[in-house]
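Right, one structure below, let's go through it.
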Amino acid sequence: MVATSDTLSTQGFHKSLLQGLALTYISFIVLLPLSVIFLEASKRSWQELWQVITAPVAVEAYKLSFGAALLAALINSVFGVILAWILVRYEFPGRRLADGLVDLPFAMPSVVAGIALVSLYGSGGVLGHYLDPGTFLGNSLRSLGIQQVNLTSSVVGVVFAKVFVTLPFVVRTVQPVLMEIEPEVEEAAHILGANAWQTFWRVIFPQLLPAILTGFTLAFARAVGEYGVVLIISGNIPYETMISSVYIYRRLEQYDYSGATAVAIVLLMFSLVILICTNLLQWWSRRYEN
């Protein structure tokens with residue numbers, strides 16, 4: 001009994017030590033930096049902070065950041081499911097290479113990605129010069145009323161940059177769920193008379209929906225905070241192509257730390273809402289699986 005009590009006591013000590021270590025690590029890495037943001041913002045009055053947060057240029061930056069992030073997440077929710085389906089269900093030459101390339105936006109530095117996109121799709125780029133004024137394709141698009149056809153210094157470029165950096169989220173969230181769906185389930189649906197579309201929408205899609213929603217939320221959160229790629233490709237024009245992250249950096253360049261942290265708090269609060277939604281979706285997904 002003594003040995004058992006000593007063992008339990010030792011295990012309890014180790015458990016408490018590990019819990020304390022984890023809490024200390026999280027405090028230094030996450031909680032303390034976030035606390036300093038609120039401390040820095042408190043150096044100015046609430047009226048001054050409100051003026052900074054609700055300034056017209058800041059409001060336009062919010063609209064572009066959240067709007068472009070929402071559109072990018074929606075695009076990747078559709079094409080991410082298609083890509084995940086192809087990678088899981090079909091065998092073709094280069095499948096492993098294609099599967100590995102999905103993670104490239106995770107590994108590639110944002111600045112490198114921005115330079116690559118501008119060099120390829122920007123005005124005068126390898127492909128982008130075909131859209132310049134004076135070219136057949138460029139004139140044809142402009143005759144249809146499409147003016148912003150280049151990625152650089154345009155809202156299209158901002159959305160494209162966010163699509164690039166959020167590509168892996170939906171794919172990697174949906175892939176494991178697809179792999180767990182037994183082919184016999186689809187075969188049973190076909191035997192019962194369902195066609196391909198009915199099988200997907202009534203049998204497969206309900207099982208994929210929690211993963212799709214989780215991937216969408218993660219992609220949206222990542223797109224809201226993107227900085228490097230958008231900084232290079234957007235042109236950072238106030239009221240047009242400037243996102244919130246760039247707006248914060250510009251206020252820091254002006255040594256307006258309190259103003260920058262005030263705008264950062266807006267993004268932080270929005271990120272916390274996204275985090276809560278993600279956790280709720282994951283809880284719903286586990287409940288659905290059970």
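Residue numbering restarts at 1 for every chain of the structure tokens, chains are lettered A, B, ... in their displayed order, and ligands are numbered from 1 as they appear.
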Hey, what's within 12 Å of A:Thr278 if we count only C-alpha atoms and toss same-chain stuff fewer than 3 positions away? As a CSV table (one decimal) with C-alpha atoms, in the first residue's frame, please?
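The resulting file, part_9.csv, is reproduced below:
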```
chain,number,residue,atom,x,y,z
A,210,PRO,CA,-18.6,19.2,-40.7
A,211,ALA,CA,-15.1,18.9,-42.2
A,212,ILE,CA,-16.0,21.4,-44.9
A,213,LEU,CA,-17.3,23.9,-42.4
A,214,THR,CA,-14.2,23.5,-40.2
A,215,GLY,CA,-11.9,23.9,-43.2
A,216,PHE,CA,-13.8,26.9,-44.3
A,217,THR,CA,-13.5,28.5,-40.9
A,218,LEU,CA,-9.8,27.8,-40.7
A,219,ALA,CA,-9.2,29.2,-44.2
A,220,PHE,CA,-11.2,32.3,-43.4
A,221,ALA,CA,-9.3,32.9,-40.2
A,271,SER,CA,-10.1,36.0,-34.5
A,272,LEU,CA,-11.4,34.9,-31.1
A,273,VAL,CA,-14.9,34.7,-32.6
A,274,ILE,CA,-13.6,32.6,-35.4
A,275,LEU,CA,-11.7,30.4,-32.9
A,281,LEU,CA,-17.8,23.1,-35.4
A,282,GLN,CA,-15.3,20.5,-34.2
A,283,TRP,CA,-17.5,19.6,-31.2
A,284,TRP,CA,-20.5,19.3,-33.6
A,285,SER,CA,-18.3,17.1,-35.9
```
Item to check | Long-range neighbours of stretch 234-248 of chain A as a list in words, 7 Å cut-off, only C-alpha atoms, 6 positions minimum in chain | outcome: Val57, Ala58, Glu60, Ala61, Tyr62, Leu64, Ser65, Thr152, Ser153, Ser154, Val155, Gly157, Val158, Gly225, Tyr227, Ala260, Val263 and Ala264 of chain A
Next on the checklist: Residues near stretch 162-174 of chain A, anyone? I mean within 6 Å using only C-alpha atoms, not counting same-chain ones fewer than 6 positions away, as a list in words.
Outcome noted: Ala72, Asn76, Ser77, Gly80, Ala84, Val102, Asp103, Pro105, Ala211, Gly215, Ala219 and Ala223 of chain A
Residues of stretch 178-283 of chain A in helix (DSSP H, G or I) according to DSSP, as a JSON list (two decimals) with C-alpha atoms, in the first residue's frame?
```
[["chain", "number", "residue", "atom", "x", "y", "z"],
["A", 178, "LEU", "CA", -13.16, 10.94, -47.46],
["A", 179, "MET", "CA", -10.64, 8.22, -46.75],
["A", 180, "GLU", "CA", -12.81, 6.87, -43.92],
["A", 183, "PRO", "CA", -16.73, 2.37, -50.95],
["A", 184, "GLU", "CA", -19.42, -0.13, -49.94],
["A", 185, "VAL", "CA", -21.59, 2.79, -48.80],
["A", 186, "GLU", "CA", -21.63, 4.24, -52.31],
["A", 187, "GLU", "CA", -22.18, 0.80, -53.83],
["A", 188, "ALA", "CA", -25.18, 0.25, -51.58],
["A", 189, "ALA", "CA", -26.63, 3.61, -52.65],
["A", 190, "HIS", "CA", -26.18, 2.70, -56.32],
["A", 191, "ILE", "CA", -27.82, -0.69, -55.77],
["A", 196, "ALA", "CA", -23.93, 9.65, -58.81],
["A", 197, "TRP", "CA", -25.29, 13.07, -57.80],
["A", 198, "GLN", "CA", -27.87, 11.65, -55.43],
["A", 199, "THR", "CA", -25.21, 9.46, -53.81],
["A", 200, "PHE", "CA", -22.96, 12.45, -53.27],
["A", 201, "TRP", "CA", -25.56, 14.86, -51.93],
["A", 202, "ARG", "CA", -27.53, 12.42, -49.78],
["A", 203, "VAL", "CA", -24.86, 9.97, -48.63],
["A", 204, "ILE", "CA", -21.39, 11.52, -48.85],
["A", 205, "PHE", "CA", -21.98, 15.26, -48.45],
["A", 206, "PRO", "CA", -23.67, 15.01, -45.01],
["A", 207, "GLN", "CA", -20.57, 13.21, -43.74],
["A", 208, "LEU", "CA", -18.26, 15.80, -45.31],
["A", 209, "LEU", "CA", -20.19, 18.87, -44.15],
["A", 210, "PRO", "CA", -18.63, 19.18, -40.66],
["A", 211, "ALA", "CA", -15.13, 18.91, -42.15],
["A", 212, "ILE", "CA", -15.97, 21.40, -44.90],
["A", 213, "LEU", "CA", -17.27, 23.91, -42.37],
["A", 214, "THR", "CA", -14.19, 23.46, -40.19],
["A", 215, "GLY", "CA", -11.88, 23.88, -43.20],
["A", 216, "PHE", "CA", -13.84, 26.95, -44.30],
["A", 217, "THR", "CA", -13.50, 28.53, -40.86],
["A", 218, "LEU", "CA", -9.76, 27.84, -40.70],
["A", 219, "ALA", "CA", -9.23, 29.18, -44.22],
["A", 220, "PHE", "CA", -11.25, 32.28, -43.41],
["A", 221, "ALA", "CA", -9.25, 32.95, -40.24],
["A", 222, "ARG", "CA", -5.95, 32.45, -42.07],
["A", 223, "ALA", "CA", -7.02, 34.73, -44.92],
["A", 224, "VAL", "CA", -8.03, 37.54, -42.56],
["A", 228, "GLY", "CA", 3.14, 39.00, -46.85],
["A", 229, "VAL", "CA", 1.59, 37.89, -50.15],
["A", 230, "VAL", "CA", -1.05, 40.63, -50.13],
["A", 231, "LEU", "CA", 1.56, 43.27, -49.29],
["A", 232, "ILE", "CA", 3.43, 42.54, -52.52],
["A", 233, "ILE", "CA", 0.56, 41.87, -54.89],
["A", 244, "SER", "CA", -6.13, 45.76, -42.24],
["A", 245, "SER", "CA", -2.73, 44.12, -41.65],
["A", 246, "VAL", "CA", -1.01, 46.60, -43.94],
["A", 247, "TYR", "CA", -2.95, 49.47, -42.36],
["A", 248, "ILE", "CA", -1.64, 48.39, -38.93],
["A", 249, "TYR", "CA", 1.92, 48.27, -40.24],
["A", 250, "ARG", "CA", 1.62, 51.76, -41.72],
["A", 251, "ARG", "CA", 0.49, 53.16, -38.39],
["A", 252, "LEU", "CA", 3.49, 51.49, -36.79],
["A", 253, "GLU", "CA", 5.73, 53.20, -39.36],
["A", 257, "TYR", "CA", 1.63, 52.28, -31.57],
["A", 258, "SER", "CA", -1.61, 52.89, -29.69],
["A", 259, "GLY", "CA", -3.55, 53.39, -32.93],
["A", 260, "ALA", "CA", -1.99, 50.29, -34.45],
["A", 261, "THR", "CA", -2.85, 48.19, -31.41],
["A", 262, "ALA", "CA", -6.42, 49.51, -31.44],
["A", 263, "VAL", "CA", -6.94, 48.20, -34.96],
["A", 264, "ALA", "CA", -5.10, 45.03, -33.99],
["A", 265, "ILE", "CA", -7.59, 44.50, -31.15],
["A", 266, "VAL", "CA", -10.43, 44.58, -33.69],
["A", 267, "LEU", "CA", -8.75, 41.79, -35.64],
["A", 268, "LEU", "CA", -7.96, 39.94, -32.41],
["A", 269, "MET", "CA", -11.57, 39.99, -31.24],
["A", 270, "PHE", "CA", -12.71, 38.80, -34.62],
["A", 271, "SER", "CA", -10.11, 36.01, -34.52],
["A", 272, "LEU", "CA", -11.42, 34.93, -31.11],
["A", 273, "VAL", "CA", -14.92, 34.69, -32.55],
["A", 274, "ILE", "CA", -13.57, 32.55, -35.39],
["A", 275, "LEU", "CA", -11.72, 30.35, -32.89],
["A", 276, "ILE", "CA", -14.91, 29.81, -30.89],
["A", 277, "CYS", "CA", -16.81, 28.95, -34.07],
["A", 278, "THR", "CA", -14.09, 26.49, -35.07],
["A", 279, "ASN", "CA", -14.23, 24.74, -31.69],
["A", 280, "LEU", "CA", -18.02, 24.56, -31.88],
["A", 281, "LEU", "CA", -17.81, 23.06, -35.36],
["A", 282, "GLN", "CA", -15.27, 20.50, -34.20],
["A", 283, "TRP", "CA", -17.52, 19.61, -31.24]]
```
